[in-house]
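> File target.csv follows (CSV, C-alpha atoms):
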```csv
chain,number,residue,atom,x,y,z
A,1,MET,CA,110.5,101.4,85.1
A,2,LYS,CA,109.5,99.2,82.1
A,3,LYS,CA,110.9,95.7,81.6
A,4,ILE,CA,110.8,93.5,78.5
A,5,ILE,CA,110.0,89.9,79.4
A,6,PHE,CA,110.0,87.0,77.1
A,7,LEU,CA,107.1,84.7,77.5
A,8,LEU,CA,106.6,81.2,76.3
A,9,CYS,CA,102.9,80.9,75.4
A,10,VAL,CA,100.8,77.9,76.5
A,11,MET,CA,99.9,77.5,72.8
A,12,ALA,CA,103.5,76.4,72.0
A,13,LEU,CA,103.4,73.4,69.9
A,14,VAL,CA,105.9,70.5,69.3
A,15,PHE,CA,104.6,68.1,66.7
A,16,THR,CA,106.2,64.9,67.8
A,17,SER,CA,103.3,62.6,68.8
A,18,LYS,CA,101.8,62.3,65.4
A,19,ALA,CA,102.3,63.5,61.9
A,20,ASN,CA,100.1,66.4,60.8
A,21,SER,CA,98.2,66.1,57.6
A,22,PRO,CA,99.5,68.7,55.1
A,23,TYR,CA,96.0,69.0,53.6
A,24,ILE,CA,92.8,70.9,54.4
A,25,SER,CA,90.8,68.9,56.9
A,26,LYS,CA,87.7,70.9,57.8
A,27,VAL,CA,85.3,73.4,56.2
A,28,PHE,CA,83.7,75.9,58.6
A,29,ASP,CA,81.7,78.0,56.3
A,30,PHE,CA,80.7,78.4,52.6
A,31,LEU,CA,78.7,81.2,51.1
A,32,PRO,CA,79.1,81.6,47.3
A,33,ALA,CA,77.9,84.7,45.6
A,34,PRO,CA,75.5,84.1,42.7
A,35,GLY,CA,77.3,82.6,39.7
A,36,GLN,CA,77.2,80.2,36.8
A,37,PHE,CA,78.7,77.3,38.8
A,38,VAL,CA,76.8,77.8,42.0
A,39,ASN,CA,74.5,74.8,42.8
A,40,ALA,CA,76.8,72.8,40.5
A,41,MET,CA,80.2,72.9,42.3
A,42,PRO,CA,79.2,71.4,44.7
A,43,GLU,CA,75.9,70.1,43.4
A,44,TYR,CA,72.8,71.2,45.2
A,45,GLU,CA,70.0,68.6,45.5
A,46,GLU,CA,66.5,69.5,46.5
A,47,GLY,CA,66.2,69.6,50.3
A,48,ASP,CA,69.9,70.2,51.0
A,49,THR,CA,70.6,72.3,54.0
A,50,LYS,CA,73.7,74.4,54.7
A,51,ALA,CA,75.1,71.4,56.7
A,52,ASN,CA,74.6,69.2,53.7
A,53,ILE,CA,76.4,71.7,51.5
A,54,LEU,CA,79.3,72.1,53.9
A,55,ALA,CA,79.7,68.3,53.9
A,56,LYS,CA,79.8,68.4,50.1
A,57,VAL,CA,82.4,71.2,50.1
A,58,GLU,CA,84.6,69.1,52.5
A,59,GLU,CA,84.3,66.1,50.1
A,60,GLN,CA,85.6,68.3,47.3
A,61,ILE,CA,88.5,70.2,48.9
A,62,CYS,CA,89.7,68.2,51.9
A,63,GLY,CA,92.4,65.6,51.8
A,64,ASN,CA,94.5,64.4,49.0
A,65,ASP,CA,95.3,61.2,47.0
A,66,ASP,CA,97.8,60.2,49.7
A,67,ASP,CA,95.1,59.7,52.3
A,68,GLY,CA,92.4,58.3,50.1
A,69,ALA,CA,90.5,61.5,49.2
A,70,THR,CA,91.0,63.3,45.9
A,71,PRO,CA,90.2,67.0,46.1
A,72,GLY,CA,87.7,68.3,43.6
A,73,MET,CA,86.7,71.9,43.0
A,74,ILE,CA,84.2,74.4,44.3
A,75,SER,CA,83.2,77.8,42.9
A,76,LEU,CA,82.9,80.9,45.0
A,77,GLY,CA,80.6,82.6,42.4
A,78,ALA,CA,80.8,86.3,41.7
A,79,TRP,CA,82.5,89.0,43.8
A,80,GLY,CA,82.4,88.3,47.5
A,81,GLY,CA,81.6,84.6,47.6
A,82,TYR,CA,83.7,82.8,50.2
A,83,VAL,CA,84.8,79.6,51.9
A,84,VAL,CA,86.4,79.2,55.4
A,85,PHE,CA,88.5,76.2,56.3
A,86,GLY,CA,91.4,74.9,58.3
A,87,PHE,CA,93.9,72.1,58.8
A,88,ASP,CA,94.2,69.5,61.6
A,89,HIS,CA,96.9,71.8,63.1
A,90,PRO,CA,98.0,75.4,63.1
A,91,VAL,CA,100.0,76.5,60.0
A,92,VAL,CA,103.3,77.8,61.4
A,93,ASN,CA,104.7,81.1,60.2
A,94,VAL,CA,108.2,80.2,59.1
A,95,ARG,CA,109.9,83.5,58.5
A,96,GLY,CA,111.2,84.0,55.0
A,97,GLU,CA,109.4,80.9,53.6
A,98,TYR,CA,106.1,80.2,51.8
A,99,ASP,CA,103.8,78.7,54.4
A,100,PHE,CA,100.8,77.3,52.6
A,101,LYS,CA,99.3,77.0,49.2
A,102,ILE,CA,95.7,76.9,48.0
A,103,TYR,CA,95.1,75.4,44.6
A,104,GLY,CA,92.8,76.8,41.9
A,105,ASN,CA,92.2,76.1,38.2
A,106,ALA,CA,94.1,79.0,36.6
A,107,PHE,CA,95.9,78.3,33.4
A,108,LYS,CA,98.1,80.1,31.0
A,109,ALA,CA,96.9,81.0,27.5
A,110,THR,CA,99.1,79.8,24.6
A,111,GLN,CA,98.9,83.3,23.0
A,112,ALA,CA,99.8,85.2,26.1
A,113,SER,CA,102.8,84.8,28.5
A,114,ASP,CA,101.3,87.0,31.3
A,115,GLY,CA,97.7,85.7,31.4
A,116,GLY,CA,95.1,83.2,30.5
A,117,SER,CA,92.4,82.2,33.0
A,118,CYS,CA,93.2,84.1,36.2
A,119,GLU,CA,90.3,84.6,38.7
A,120,PRO,CA,92.0,85.8,41.9
A,121,GLY,CA,90.6,85.3,45.3
A,122,ILE,CA,91.9,87.3,48.3
A,123,VAL,CA,93.2,85.3,51.3
A,124,MET,CA,92.3,86.1,54.9
A,125,VAL,CA,93.9,84.4,57.9
A,126,SER,CA,93.1,84.1,61.6
A,127,TYR,CA,94.8,83.0,64.8
A,128,ASP,CA,92.6,81.2,67.3
A,129,GLU,CA,93.3,83.7,70.0
A,130,ASN,CA,90.4,82.6,72.3
A,131,GLY,CA,91.3,78.9,71.9
A,132,ASN,CA,87.8,77.7,71.1
A,133,GLY,CA,88.6,76.1,67.8
A,134,GLU,CA,86.1,78.3,65.9
A,135,PRO,CA,86.9,81.0,63.3
A,136,ASP,CA,85.4,83.8,65.4
A,137,ASP,CA,88.6,85.8,66.1
A,138,LYS,CA,90.1,88.7,64.1
A,139,TRP,CA,90.8,88.3,60.4
A,140,PHE,CA,93.9,89.6,58.7
A,141,GLU,CA,94.4,90.0,54.9
A,142,ILE,CA,97.3,88.6,53.1
A,143,ALA,CA,98.6,91.6,51.3
A,144,GLY,CA,99.1,90.5,47.7
A,145,SER,CA,100.8,92.4,44.9
A,146,GLU,CA,97.7,94.7,44.4
A,147,TYR,CA,97.3,95.7,48.0
A,148,GLY,CA,97.2,99.4,48.5
A,149,LYS,CA,97.3,100.3,44.8
A,150,THR,CA,95.0,103.1,43.6
A,151,THR,CA,93.3,100.6,41.3
A,152,THR,CA,92.3,98.4,44.2
A,153,ILE,CA,89.1,99.3,46.0
A,154,GLN,CA,89.0,98.7,49.7
A,155,ASP,CA,85.9,98.9,52.0
A,156,TYR,CA,83.8,97.6,49.1
A,157,LYS,CA,80.3,96.4,49.6
A,158,LEU,CA,78.0,94.6,47.1
A,159,THR,CA,74.4,93.5,47.3
A,160,TYR,CA,72.8,90.9,45.1
A,161,TYR,CA,69.1,90.6,44.6
A,162,ARG,CA,67.3,87.3,44.0
A,163,THR,CA,65.6,87.2,40.6
A,164,PRO,CA,61.8,87.6,40.9
A,165,VAL,CA,59.7,84.6,39.9
A,166,ASP,CA,57.9,86.6,37.2
A,167,HIS,CA,61.2,87.8,35.7
A,168,VAL,CA,61.4,87.8,31.9
A,169,ALA,CA,64.8,86.9,30.5
A,170,VAL,CA,66.6,89.5,28.3
A,171,PRO,CA,68.8,87.6,25.8
A,172,ASP,CA,71.8,89.3,24.3
A,173,GLU,CA,71.1,90.3,20.7
A,174,LYS,CA,74.7,90.0,19.6
A,175,ASP,CA,75.8,86.9,21.5
A,176,LYS,CA,73.6,83.8,21.4
A,177,HIS,CA,75.5,82.3,24.3
A,178,ILE,CA,74.0,84.8,26.7
A,179,ILE,CA,70.4,84.0,27.4
A,180,ASP,CA,69.7,86.6,30.1
A,181,ASN,CA,71.6,89.9,30.4
A,182,HIS,CA,69.5,90.9,33.4
A,183,TYR,CA,69.5,87.7,35.4
A,184,ILE,CA,70.6,88.7,38.9
A,185,ARG,CA,70.9,92.4,39.7
A,186,TRP,CA,73.6,93.8,41.9
A,187,GLU,CA,74.5,97.2,43.3
A,188,ASP,CA,77.6,98.4,45.2
A,189,ASN,CA,78.5,101.2,47.6
A,190,LYS,CA,80.3,103.1,44.8
A,191,GLY,CA,77.0,103.9,42.9
A,192,GLN,CA,77.4,101.2,40.4
A,193,THR,CA,74.8,98.6,39.3
A,194,GLY,CA,74.9,95.6,37.1
A,195,TYR,CA,73.9,92.0,36.5
A,196,VAL,CA,75.2,88.5,36.9
A,197,THR,CA,74.3,87.2,33.4
A,198,LYS,CA,73.1,83.8,32.5
A,199,ASN,CA,74.6,81.7,29.7
A,200,VAL,CA,73.5,78.8,27.7
A,201,PHE,CA,76.2,76.5,29.2
A,202,ASN,CA,74.8,76.5,32.7
A,203,SER,CA,71.0,76.3,33.0
A,204,GLN,CA,70.6,75.7,36.7
A,205,SER,CA,69.7,78.5,39.2
A,206,TYR,CA,72.7,80.7,39.9
A,207,TRP,CA,71.4,81.7,43.3
A,208,PRO,CA,72.5,79.5,46.3
A,209,GLU,CA,69.3,77.5,46.6
A,210,TRP,CA,69.8,76.4,50.2
A,211,LEU,CA,69.6,79.9,51.5
A,212,GLU,CA,66.5,81.9,52.4
A,213,GLY,CA,66.0,85.6,51.8
A,214,ASP,CA,66.0,87.8,48.7
A,215,SER,CA,69.3,89.5,49.0
A,216,LEU,CA,73.0,88.7,49.8
A,217,ILE,CA,75.5,91.3,51.0
A,218,PHE,CA,79.2,90.9,50.9
A,219,TYR,CA,82.1,93.1,52.2
A,220,GLY,CA,85.8,93.2,51.3
A,221,THR,CA,88.3,94.4,48.8
A,222,ARG,CA,87.8,94.6,45.0
A,223,LEU,CA,90.8,93.9,42.9
A,224,PRO,CA,91.1,95.7,39.5
A,225,ASP,CA,89.7,94.2,36.4
A,226,ASN,CA,92.2,92.0,34.6
A,227,ALA,CA,90.4,90.9,31.4
A,228,GLU,CA,91.2,92.0,27.9
A,229,ASP,CA,89.1,91.1,24.9
A,230,GLN,CA,91.9,90.3,22.5
A,231,SER,CA,89.6,89.3,19.7
A,232,GLY,CA,87.8,92.7,19.7
A,233,ASN,CA,84.5,90.9,19.2
A,234,GLY,CA,83.9,89.2,22.5
A,235,THR,CA,85.1,85.8,21.5
A,236,TYR,CA,88.6,85.6,23.1
A,237,TYR,CA,89.3,87.0,26.6
A,238,VAL,CA,92.7,86.9,28.3
A,239,LEU,CA,92.8,87.4,32.1
A,240,THR,CA,96.1,88.7,33.2
A,241,PHE,CA,98.0,87.2,36.2
A,242,PHE,CA,98.7,89.3,39.3
A,243,GLU,CA,102.3,89.1,40.6
A,244,TYR,CA,101.7,87.3,43.9
A,245,GLY,CA,99.5,86.8,46.9
A,246,TYR,CA,96.2,85.4,45.7
A,247,VAL,CA,94.3,82.1,45.0
A,248,ASP,CA,93.4,80.9,41.5
A,249,ASN,CA,95.7,83.6,40.2
A,250,GLN,CA,98.5,81.6,38.5
A,251,PRO,CA,98.8,77.9,37.4
A,252,ASN,CA,99.4,75.7,40.4
A,253,THR,CA,102.7,74.5,39.0
A,254,GLU,CA,104.0,78.1,38.9
A,255,ASP,CA,102.5,79.5,42.1
A,256,PRO,CA,104.9,79.1,45.0
A,257,GLY,CA,102.3,79.8,47.6
A,258,LEU,CA,101.6,82.3,50.4
A,259,LYS,CA,103.5,83.7,53.3
A,260,ILE,CA,101.8,84.4,56.7
A,261,GLU,CA,104.2,87.3,57.2
A,262,TRP,CA,102.4,89.1,54.4
A,263,ALA,CA,99.4,89.5,56.8
A,264,VAL,CA,98.2,93.0,57.6
A,265,ASP,CA,95.5,94.5,59.9
A,266,GLU,CA,92.6,96.7,58.8
A,267,ASN,CA,95.0,99.7,58.8
A,268,GLY,CA,97.5,98.1,56.6
A,269,ASN,CA,100.0,97.4,59.4
A,270,SER,CA,102.0,94.2,59.3
A,271,VAL,CA,101.1,91.7,62.0
A,272,ASN,CA,103.4,89.1,63.5
A,273,LEU,CA,101.3,86.0,63.7
A,274,PRO,CA,103.2,82.9,65.1
A,275,ALA,CA,100.7,80.6,63.2
A,276,ILE,CA,97.2,80.6,61.7
A,277,HIS,CA,94.3,78.3,62.5
A,278,PHE,CA,91.8,79.4,59.9
A,279,ILE,CA,91.8,80.6,56.3
A,280,LYS,CA,89.1,82.4,54.3
A,281,ILE,CA,89.2,82.8,50.6
A,282,TYR,CA,86.8,85.2,48.8
A,283,ASN,CA,86.4,86.1,45.1
A,284,ALA,CA,87.9,89.6,44.7
A,285,MET,CA,86.8,90.2,41.1
A,286,ASN,CA,83.6,92.0,40.0
A,287,GLN,CA,84.0,91.4,36.3
A,288,ASN,CA,82.0,90.0,33.5
A,289,CYS,CA,83.5,88.5,30.3
A,290,GLY,CA,80.7,88.1,27.9
A,291,TRP,CA,80.0,84.5,27.1
A,292,LEU,CA,82.5,83.4,29.7
A,293,GLY,CA,80.3,84.9,32.4
A,294,GLU,CA,81.4,86.3,35.7
A,295,THR,CA,85.0,86.0,36.9
A,296,SER,CA,84.7,83.4,39.7
A,297,THR,CA,87.4,82.1,42.0
A,298,GLU,CA,87.7,78.3,42.2
A,299,VAL,CA,89.3,76.4,45.0
A,300,CYS,CA,90.7,72.9,44.5
A,301,GLY,CA,92.2,72.0,47.9
A,302,GLY,CA,95.2,73.3,49.8
A,303,GLU,CA,98.4,72.3,51.5
A,304,ASP,CA,100.6,73.3,54.5
A,305,LEU,CA,104.0,73.6,53.0
A,306,HIS,CA,105.8,72.6,56.3
A,307,PRO,CA,103.2,70.7,58.3
A,308,ASN,CA,105.6,69.5,61.0
A,309,ALA,CA,107.1,72.9,61.7
A,310,VAL,CA,107.3,74.1,65.3
A,311,TYR,CA,106.5,77.4,66.8
A,312,SER,CA,107.1,78.6,70.3
A,313,GLY,CA,104.7,81.6,70.5
A,314,ILE,CA,107.4,83.8,72.1
A,315,LYS,CA,106.2,87.3,72.6
A,316,ASP,CA,107.9,90.5,73.7
A,317,ILE,CA,105.7,92.2,76.2
A,318,GLN,CA,106.1,95.6,77.9
A,319,THR,CA,104.9,95.4,81.6
A,320,ASP,CA,104.8,97.6,84.6
A,321,ASP,CA,107.3,96.8,87.3
A,322,ASN,CA,104.9,96.5,90.2
A,323,ASN,CA,102.8,94.0,92.1
A,324,GLN,CA,99.6,94.4,90.3
A,325,ILE,CA,98.1,91.5,88.4
A,326,GLU,CA,98.2,92.0,84.6
A,327,TYR,CA,96.7,90.0,81.8
A,328,TYR,CA,97.9,89.8,78.2
A,329,ASN,CA,96.6,87.9,75.3
A,330,LEU,CA,98.8,85.8,73.0
A,331,TYR,CA,99.6,88.9,70.9
A,332,GLY,CA,101.0,90.7,73.9
A,333,ILE,CA,98.1,93.1,74.2
A,334,LYS,CA,97.0,94.0,77.7
A,335,ILE,CA,93.5,92.7,78.6
A,336,GLU,CA,91.6,94.4,81.4
A,337,LYS,CA,89.1,91.6,82.1
A,338,PRO,CA,89.9,88.2,80.6
A,339,GLU,CA,87.0,85.9,79.8
A,340,ASN,CA,87.2,82.8,77.7
A,341,GLY,CA,90.6,81.9,76.3
A,342,ILE,CA,94.3,81.5,77.1
A,343,PHE,CA,96.2,84.4,78.7
A,344,ILE,CA,99.5,85.4,80.1
A,345,VAL,CA,99.3,86.5,83.7
A,346,ARG,CA,101.9,88.6,85.5
A,347,LYS,CA,102.0,89.4,89.2
A,348,GLY,CA,105.0,91.4,90.3
A,349,ASN,CA,108.0,89.5,89.0
A,350,GLU,CA,106.1,86.2,88.4
A,351,THR,CA,104.8,85.2,85.1
A,352,TYR,CA,102.6,82.2,84.3
A,353,LYS,CA,99.9,81.0,82.0
A,354,ALA,CA,96.2,80.7,82.7
A,355,ASN,CA,93.2,79.3,80.8
A,356,PHE,CA,90.0,81.1,81.6
A,357,ARG,CA,86.7,79.4,80.8
```
Could you quickly redo this structure as structure tokens?

Amino acid sequence: MKKIIFLLCVMALVFTSKANSPYISKVFDFLPAPGQFVNAMPEYEEGDTKANILAKVEEQICGNDDDGATPGMISLGAWGGYVVFGFDHPVVNVRGEYDFKIYGNAFKATQASDGGSCEPGIVMVSYDENGNGEPDDKWFEIAGSEYGKTTTIQDYKLTYYRTPVDHVAVPDEKDKHIIDNHYIRWEDNKGQTGYVTKNVFNSQSYWPEWLEGDSLIFYGTRLPDNAEDQSGNGTYYVLTFFEYGYVDNQPNTEDPGLKIEWAVDENGNSVNLPAIHFIKIYNAMNQNCGWLGETSTEVCGGEDLHPNAVYSGIKDIQTDDNNQIEYYNLYGIKIEKPENGIFIVRKGNETYKANFR
């Protein structure tokens, strides 16, 4: 006979001892794809290592005026470039409410009510299931308005190739602002090839200079192109807003934020996360807009919209009514051999928590 038992996870939090900061507090990873603002936001200085760059990213997007640090802005480059960060506490999934907000630099055009500068990044979230404080658990996508549409390409892969040292620039014959149409070559898994072009406004290297190697490979979802050349001659582009669920998609003052309950697994199934510990943002647009260059997601800080919320981590778990010892992770999934992490243990009618190290 099966029984449903209600378990209070050891990860249950009650935020009473100190106030949680509502703002981003730590950057775990940063890998921009090539782009016109790479090595500029944040600025690369000769000799910088990845650790130096991560520290500079933290300076730009962590904190807020309230605690003495003013968020700046970082660019994720072309399609696939990403940043991974977290808060000083888990962001709680408060059902029916917007849980967190990540700021960008999108703005509305005066000539268009449904667009302007919109460079959407897809949001991934993760729950620290193994309890080690590192973003090495499973990632779930926040399903925005374009998720599952035929115009959205899932399982997308794109490879960028570093420009050879003997490369000869190919200026655009029609647009003096584009000084190299064949600057950084890319190819995807759909049989398409192209280039990240170089413009006169940004003369630095567009390749992340702190990285070794001659290629960069990114995986993810590609959102549909959203740019329209309303001038007809390449001088005025409008990038249309998507309805919801992305970063740098709508003006900050008009974007209500994101809901953890929108998270889905790799098969598109909804997942019930009690909270999230890590957030990953990656540029989901593979699009070039002439003199404007590649469409690149920018991140300008972020905020937990209810930083002192409480979650209990209660799970409904189906268990066998016998005396065998059974182990379950915090999602209620049975584990045959627990290793590192926090688990629910059941023996007969007894239920308790254990931390395996």
> In Å, rounded to a single decimal, give me how far CA of Ala275 (chain A) is from CA of Asn93 (chain A).
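Answer for the CA of Asn93 (chain A) to CA of Ala275 (chain A) separation: 5.0 Å.
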> Between CA of Ala169 (chain A) and CA of Ser75 (chain A), what is the distance, to one decimal in Å?
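Distance between the two atoms: 24.0 Å.
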> So that I can see what lies close to Pro251 (chain A), please list as a list in words the residues with an atom at most 9 Å from it, counting only C-alpha atoms and leaving out residues fewer than 4 positions away in the same chain.
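These residues fall inside the cut-off: Tyr103, Gly104, Asn105, Ala106, Phe107, Lys108, Ser117, Cys118 and Asp255 of chain A.
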> List as a list of chain:residue names: which residues have an atom within 10 Å of (92.3, 91.7, 25.9), counting only C-alpha atoms?
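Output: A:Ala112, A:Gly115, A:Asn226, A:Ala227, A:Glu228, A:Asp229, A:Gln230, A:Ser231, A:Gly232, A:Gly234, A:Tyr236, A:Tyr237, A:Val238, A:Leu239, A:Thr240.
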> Show me, as an mmCIF file with C-alpha atoms, in the coordinates of the input, the residues that have an atom within 6 Å of region 20-34 of chain A when counting all atoms listed in the file, minus same-chain residues fewer than 4 positions from it.

```cif
data_model
loop_
_atom_site.group_PDB
_atom_site.id
_atom_site.type_symbol
_atom_site.label_atom_id
_atom_site.label_comp_id
_atom_site.auth_asym_id
_atom_site.auth_seq_id
_atom_site.Cartn_x
_atom_site.Cartn_y
_atom_site.Cartn_z
ATOM 1 C CA GLU A 58 84.600 69.100 52.500
ATOM 2 C CA CYS A 62 89.700 68.200 51.900
ATOM 3 C CA GLY A 63 92.400 65.600 51.800
ATOM 4 C CA LEU A 76 82.900 80.900 45.000
ATOM 5 C CA GLY A 77 80.600 82.600 42.400
ATOM 6 C CA ALA A 78 80.800 86.300 41.700
ATOM 7 C CA GLY A 81 81.600 84.600 47.600
ATOM 8 C CA TYR A 82 83.700 82.800 50.200
ATOM 9 C CA VAL A 83 84.800 79.600 51.900
ATOM 10 C CA VAL A 84 86.400 79.200 55.400
ATOM 11 C CA PHE A 85 88.500 76.200 56.300
ATOM 12 C CA GLY A 86 91.400 74.900 58.300
ATOM 13 C CA PHE A 87 93.900 72.100 58.800
ATOM 14 C CA ASP A 88 94.200 69.500 61.600
ATOM 15 C CA TYR A 206 72.700 80.700 39.900
ATOM 16 C CA TRP A 207 71.400 81.700 43.300
ATOM 17 C CA GLY A 302 95.200 73.300 49.800
ATOM 18 C CA GLU A 303 98.400 72.300 51.500
ATOM 19 C CA ASP A 304 100.600 73.300 54.500
ATOM 20 C CA PRO A 307 103.200 70.700 58.300
#
```
> Find, counting all atoms listed in the file, the residue in A:Lys334, A:Lys174, A:Lys259, A:Lys149 that gets nearest to Val92 (chain A).
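Checking each candidate against Val92 (chain A), we get A:Lys259 as the closest.
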> One number please: CA of Leu292 (chain A) to CA of Ala40 (chain A), in Å, one decimal.
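Interatomic distance, CA of Leu292 (chain A) to CA of Ala40 (chain A): 16.2 Å.
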> Using all atoms listed in the file, which of the listed residues (A:Leu158, A:Ile279, A:Val123, A:Leu211) sits closest to Val247 (chain A)?
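Nearest to Val247 (chain A): A:Val123.
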> Taking only C-alpha atoms into account, name the residue in A:Leu223, A:Leu54, A:Leu305, A:Leu258 that is nearest to Gln154 (chain A).
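The shortest atom-to-atom distance to Gln154 (chain A) comes from A:Leu223.
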> Skip Lys56 (chain A) itself and residues of its chain fewer than 6 positions away, then list as a PDB file with C-alpha atoms, in the coordinates of the input all residues within 10 Å of it, counting only C-alpha atoms.

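In the end it all went to around26.pdb:
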```
ATOM      1  CA  VAL A  27      85.300  73.400  56.200  1.00  0.00           C
ATOM      2  CA  MET A  41      80.200  72.900  42.300  1.00  0.00           C
ATOM      3  CA  PRO A  42      79.200  71.400  44.700  1.00  0.00           C
ATOM      4  CA  GLU A  43      75.900  70.100  43.400  1.00  0.00           C
ATOM      5  CA  TYR A  44      72.800  71.200  45.200  1.00  0.00           C
ATOM      6  CA  LYS A  50      73.700  74.400  54.700  1.00  0.00           C
ATOM      7  CA  ILE A  74      84.200  74.400  44.300  1.00  0.00           C
TER       8      ILE A  74
END
```
> Would you please work out which residue, of A:Ser270, A:Ser215, A:Gln204, A:Thr297, is nearest to Tyr246 (chain A) when using all atoms listed in the file?
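Of A:Ser270, A:Ser215, A:Gln204, A:Thr297, the one nearest Tyr246 (chain A), counting all atoms listed in the file, is A:Thr297.
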